[in-house]
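S.K.: Take this structure, written in structure tokens, and hold onto it; I'll ask about it next.
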Amino acid sequence: MRIIAIANQKGGCGKTTTSVNLAVAFARRGYRVLIVDIDPQAHATLGLGCNPEELDISIYEPLTNTQTPISKAVRRTYISGVSLVPSNILLSGAEIELAALFRRECVLRQQLAELDDIYDVCFIDCSPSLGILTLNALVASGEVLIPVQAHYYALEGLKQLLETINIVKERFNRDLEILGVLLTFVEGRTLLSRDVQRQLRDFFGELVFNTVIHRNVRLAEAPSAGESVITYDETSRGAIEYMQLAEEVSDGKTKKRTTQESLIDF
């Protein structure tokens, strides 16, 4: 099973939107998809039509009690081919409870190993922090996709994330690679968006996906309906762009720089 973490400690950069829509786009391409919501805000859970307040079991139980298999938390969604390990507010206390566990950074990886032959790809929607939950996601993953809002302030936290990825790679998960940087909330007509795009592409080169995600009304409306933009309006610009991104991600291999460590100089 290919495991991809969608991570950036900055909130509002499109992590959940990307997680949900990539999951649906991959299912449309015939993949068996699992999405793991590891954010206490549970936005991916809501975005797939599941009410966090009505859950009997969520990702919280398998993370804090290793005797509870993650398979018990898996739920089918309304989308054929997409399953969900949901989240709820209980997960906000997991950071403290995980602190007492041996090899606490490896709990999610050990749990997901149980599902390795059941799904083709797993997307992990990370919380907007670099705490133990995001660390678990990075240790469990082979790749990390970084959504970055096309705004100068959004670039400030990128160096810290890249440093964290390098630390995880050195200490816990040598197989972790950056899948790519995804530009989100792009406003094609503004000079600011064009400047940020140029800056990122100049530095990261081919690590930046060709596909960018523009601001789109349908993309903003879909979560309130508990849907992905692809099921909400498959003809919208947002749906088309996420289908294009899925093609890039599924057909291409992880893009590796000659010296990944140099990324921290950004």
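Within each chain, counting starts at residue 1; across the structure tokens, chains are named A, B, ... in the order shown, with ligands numbered 1 upward in that order.
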Enumerate, as number ranges by chain, the complete set of residues in segment 6-134 of chain A that a backbone-based DSSP assignment places in alpha helix (DSSP H).
M.R.: A: 15-28, 43-47, 60-64, 94-98, 107-112, 132-134
S.K.: Convert the current residue selection to file output with C-alpha atoms, as a PDB file, in the first residue's frame.
M.R.:
```pdb
ATOM      1  CA  LYS A  15      -4.534  19.931   3.295  1.00  0.00           C
ATOM      2  CA  THR A  16      -8.003  18.520   3.883  1.00  0.00           C
ATOM      3  CA  THR A  17      -9.339  19.667   0.518  1.00  0.00           C
ATOM      4  CA  THR A  18      -6.388  17.959  -1.141  1.00  0.00           C
ATOM      5  CA  SER A  19      -6.708  14.775   0.926  1.00  0.00           C
ATOM      6  CA  VAL A  20     -10.421  14.346   0.231  1.00  0.00           C
ATOM      7  CA  ASN A  21     -10.309  15.214  -3.446  1.00  0.00           C
ATOM      8  CA  LEU A  22      -7.206  13.172  -4.212  1.00  0.00           C
ATOM      9  CA  ALA A  23      -8.830  10.187  -2.490  1.00  0.00           C
ATOM     10  CA  VAL A  24     -11.945  10.527  -4.644  1.00  0.00           C
ATOM     11  CA  ALA A  25      -9.900  11.158  -7.802  1.00  0.00           C
ATOM     12  CA  PHE A  26      -7.826   8.016  -7.184  1.00  0.00           C
ATOM     13  CA  ALA A  27     -11.001   5.983  -6.624  1.00  0.00           C
ATOM     14  CA  ARG A  28     -12.306   7.277  -9.957  1.00  0.00           C
ATOM     15  CA  HIS A  43     -12.571  18.170   8.582  1.00  0.00           C
ATOM     16  CA  ALA A  44     -11.779  15.234   6.290  1.00  0.00           C
ATOM     17  CA  THR A  45     -14.329  13.174   8.221  1.00  0.00           C
ATOM     18  CA  LEU A  46     -16.937  15.867   7.673  1.00  0.00           C
ATOM     19  CA  GLY A  47     -15.865  16.292   4.065  1.00  0.00           C
ATOM     20  CA  TYR A  60      -8.215   7.886  18.540  1.00  0.00           C
ATOM     21  CA  GLU A  61      -8.718   4.333  19.841  1.00  0.00           C
ATOM     22  CA  PRO A  62      -6.130   2.552  17.628  1.00  0.00           C
ATOM     23  CA  LEU A  63      -3.582   5.292  18.351  1.00  0.00           C
ATOM     24  CA  THR A  64      -3.926   5.278  22.125  1.00  0.00           C
ATOM     25  CA  ALA A  94      -3.973  11.820  22.069  1.00  0.00           C
ATOM     26  CA  GLU A  95      -0.762  13.868  22.211  1.00  0.00           C
ATOM     27  CA  ILE A  96      -0.645  13.458  26.017  1.00  0.00           C
ATOM     28  CA  GLU A  97      -1.617   9.782  25.989  1.00  0.00           C
ATOM     29  CA  LEU A  98       0.864   8.880  23.271  1.00  0.00           C
ATOM     30  CA  VAL A 107       2.030   3.514  16.401  1.00  0.00           C
ATOM     31  CA  LEU A 108       0.274   4.546  13.184  1.00  0.00           C
ATOM     32  CA  ARG A 109       2.806   2.724  11.005  1.00  0.00           C
ATOM     33  CA  GLN A 110       2.295  -0.479  12.973  1.00  0.00           C
ATOM     34  CA  GLN A 111      -1.481  -0.160  12.759  1.00  0.00           C
ATOM     35  CA  LEU A 112      -1.540   0.557   9.015  1.00  0.00           C
ATOM     36  CA  ILE A 132       3.259  13.665  17.726  1.00  0.00           C
ATOM     37  CA  LEU A 133       0.243  13.128  15.442  1.00  0.00           C
ATOM     38  CA  THR A 134       1.989  14.571  12.396  1.00  0.00           C
TER      39      THR A 134
END
```
S.K.: Pick out each residue of segment 32-153 of chain A that DSSP on the backbone tags as strand (DSSP E); I need them as an mmCIF file with N, CA and C atoms, in the first residue's frame.
M.R.:
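The resulting result15.cif:
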```cif
data_model
loop_
_atom_site.group_PDB
_atom_site.id
_atom_site.type_symbol
_atom_site.label_atom_id
_atom_site.label_comp_id
_atom_site.auth_asym_id
_atom_site.auth_seq_id
_atom_site.Cartn_x
_atom_site.Cartn_y
_atom_site.Cartn_z
ATOM 1 N N VAL A 33 -8.920 2.955 -2.093
ATOM 2 C CA VAL A 33 -8.350 4.102 -1.379
ATOM 3 C C VAL A 33 -8.797 4.130 0.079
ATOM 4 N N LEU A 34 -7.842 4.434 0.949
ATOM 5 C CA LEU A 34 -8.125 4.678 2.363
ATOM 6 C C LEU A 34 -7.674 6.085 2.690
ATOM 7 N N ILE A 35 -8.512 6.829 3.405
ATOM 8 C CA ILE A 35 -8.103 8.134 3.906
ATOM 9 C C ILE A 35 -8.154 8.097 5.432
ATOM 10 N N VAL A 36 -7.054 8.480 6.054
ATOM 11 C CA VAL A 36 -6.944 8.496 7.514
ATOM 12 C C VAL A 36 -6.953 9.947 7.971
ATOM 13 N N ASP A 37 -7.948 10.298 8.767
ATOM 14 C CA ASP A 37 -8.071 11.650 9.297
ATOM 15 C C ASP A 37 -7.379 11.695 10.652
ATOM 16 N N ARG A 75 -14.420 2.843 8.012
ATOM 17 C CA ARG A 75 -15.814 2.986 7.588
ATOM 18 C C ARG A 75 -15.863 3.168 6.072
ATOM 19 N N ARG A 76 -16.898 2.608 5.477
ATOM 20 C CA ARG A 76 -17.130 2.882 4.058
ATOM 21 C C ARG A 76 -17.719 4.279 3.923
ATOM 22 N N VAL A 82 -13.690 4.284 -1.749
ATOM 23 C CA VAL A 82 -13.042 5.117 -0.730
ATOM 24 C C VAL A 82 -13.520 4.706 0.661
ATOM 25 N N SER A 83 -12.577 4.342 1.516
ATOM 26 C CA SER A 83 -12.872 4.056 2.921
ATOM 27 C C SER A 83 -12.198 5.106 3.795
ATOM 28 N N LEU A 84 -12.707 5.247 5.007
ATOM 29 C CA LEU A 84 -12.265 6.318 5.900
ATOM 30 C C LEU A 84 -11.990 5.801 7.298
ATOM 31 N N VAL A 85 -10.870 6.228 7.872
ATOM 32 C CA VAL A 85 -10.654 6.100 9.312
ATOM 33 C C VAL A 85 -10.907 7.493 9.883
ATOM 34 N N VAL A 121 -3.743 2.609 -1.978
ATOM 35 C CA VAL A 121 -3.147 3.879 -1.575
ATOM 36 C C VAL A 121 -3.874 4.408 -0.348
ATOM 37 N N CYS A 122 -3.108 5.039 0.531
ATOM 38 C CA CYS A 122 -3.651 5.641 1.749
ATOM 39 C C CYS A 122 -3.191 7.093 1.822
ATOM 40 N N PHE A 123 -4.142 8.005 2.010
ATOM 41 C CA PHE A 123 -3.830 9.416 2.222
ATOM 42 C C PHE A 123 -4.065 9.743 3.693
ATOM 43 N N ILE A 124 -3.084 10.380 4.324
ATOM 44 C CA ILE A 124 -3.214 10.777 5.721
ATOM 45 C C ILE A 124 -3.362 12.288 5.784
ATOM 46 N N ASP A 125 -4.512 12.745 6.263
ATOM 47 C CA ASP A 125 -4.766 14.178 6.419
ATOM 48 C C ASP A 125 -4.227 14.613 7.777
ATOM 49 N N GLU A 143 5.806 8.833 1.403
ATOM 50 C CA GLU A 143 5.886 10.103 0.696
ATOM 51 C C GLU A 143 5.092 11.160 1.444
ATOM 52 N N VAL A 144 5.480 12.414 1.226
ATOM 53 C CA VAL A 144 4.729 13.522 1.812
ATOM 54 C C VAL A 144 4.450 14.548 0.719
ATOM 55 N N LEU A 145 3.198 14.946 0.645
ATOM 56 C CA LEU A 145 2.770 15.981 -0.293
ATOM 57 C C LEU A 145 2.524 17.240 0.519
ATOM 58 N N ILE A 146 3.102 18.350 0.071
ATOM 59 C CA ILE A 146 3.043 19.593 0.838
ATOM 60 C C ILE A 146 2.205 20.625 0.091
ATOM 61 N N PRO A 147 0.971 20.893 0.551
ATOM 62 C CA PRO A 147 0.196 21.988 -0.047
ATOM 63 C C PRO A 147 0.707 23.327 0.487
ATOM 64 N N VAL A 148 0.889 24.279 -0.398
ATOM 65 C CA VAL A 148 1.380 25.593 -0.002
ATOM 66 C C VAL A 148 0.492 26.649 -0.638
ATOM 67 N N GLN A 149 -0.091 27.489 0.182
ATOM 68 C CA GLN A 149 -0.917 28.570 -0.331
ATOM 69 C C GLN A 149 -0.040 29.580 -1.065
#
```
S.K.: Rounded to one decimal in Å, what is the spacing between atom CA of Gly11 of chain A and atom CA of Phe172 of chain A?
M.R.: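 So the two atoms, atom CA of Gly11 of chain A and atom CA of Phe172 of chain A, lie 25.1 Å apart.
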S.K.: In Å, rounded to a single decimal, give me how far atom CA of Ile3 of chain A is from atom CA of Glu221 of chain A.
M.R.: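 These atoms are spaced 28.0 Å apart.
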S.K.: Neighbours of Ser58 of chain A within 7 Å (only C-alpha atoms; same-chain residues fewer than 4 positions away dropped), as a list in words?
M.R.: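 The residues that qualify are Ala73, Val85, Pro86, Ser87 and Asn88 of chain A.
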S.K.: Just write the chosen residues, N, CA and C atoms, as a compact mmCIF listing (two decimals), in the first residue's frame.
M.R.:
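Below is the file that was written, part.txt:
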```txt
# COMPACT_ATOMS: atom_id res chain seq x y z
N ALA A 73 -11.88 0.69 13.04
CA ALA A 73 -12.28 2.09 12.87
C ALA A 73 -12.59 2.44 11.41
N VAL A 85 -10.87 6.23 7.87
CA VAL A 85 -10.65 6.10 9.31
C VAL A 85 -10.91 7.49 9.88
N PRO A 86 -12.05 7.69 10.51
CA PRO A 86 -12.47 9.05 10.89
C PRO A 86 -11.78 9.56 12.15
N SER A 87 -12.01 10.84 12.39
CA SER A 87 -11.47 11.50 13.58
C SER A 87 -12.61 12.20 14.31
N ASN A 88 -12.34 12.55 15.55
CA ASN A 88 -13.25 13.43 16.30
C ASN A 88 -12.45 14.16 17.37
```
S.K.: Glu234 of chain A: which residues within 10 Å, counting only C-alpha atoms, same-chain residues fewer than 5 positions away excluded, as a PyMOL selection string?
M.R.: chain A and resi 218+228-229+239-240+243
S.K.: Write the selection just made, keeping C-alpha atoms, as a PDB file, in the first residue's frame?
M.R.:
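Written output follows (again.pdb):
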```
ATOM      1  CA  ARG A 218     -17.415  25.080  -6.103  1.00  0.00           C
ATOM      2  CA  SER A 228     -15.686  16.308  -2.523  1.00  0.00           C
ATOM      3  CA  VAL A 229     -15.711  18.853  -5.313  1.00  0.00           C
ATOM      4  CA  ALA A 239     -12.704  19.049  -9.857  1.00  0.00           C
ATOM      5  CA  ILE A 240     -10.790  19.104 -13.122  1.00  0.00           C
ATOM      6  CA  MET A 243      -8.285  14.917 -11.383  1.00  0.00           C
TER       7      MET A 243
END
```
S.K.: For Asp56 of chain A, which residue out of A:Ala222, A:Val181, A:Cys106, A:Leu90 is the nearest one, using only C-alpha atoms?
M.R.: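 Of A:Ala222, A:Val181, A:Cys106, A:Leu90, the one nearest Asp56 of chain A, counting only C-alpha atoms, is A:Leu90.
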S.K.: Using only C-alpha atoms, which residue out of A:Ser80, A:Asn210, A:Ser141, A:Ser224 lies closest to Val249 of chain A?
M.R.: A:Asn210
S.K.: Between atom CA of Glu187 of chain A and atom CA of Gly14 of chain A, what is the distance in Å, rounded to a tenth?
M.R.: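 If I compute the distance from atom CA of Glu187 of chain A to atom CA of Gly14 of chain A, I get 14.3 Å.
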S.K.: Given only C-alpha atoms as the basis, pick out the residue of A:Ile230, A:Val74, A:Ala137, A:Ala150 nearest to Ile118 of chain A.
M.R.: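 Closest candidate: A:Val74.
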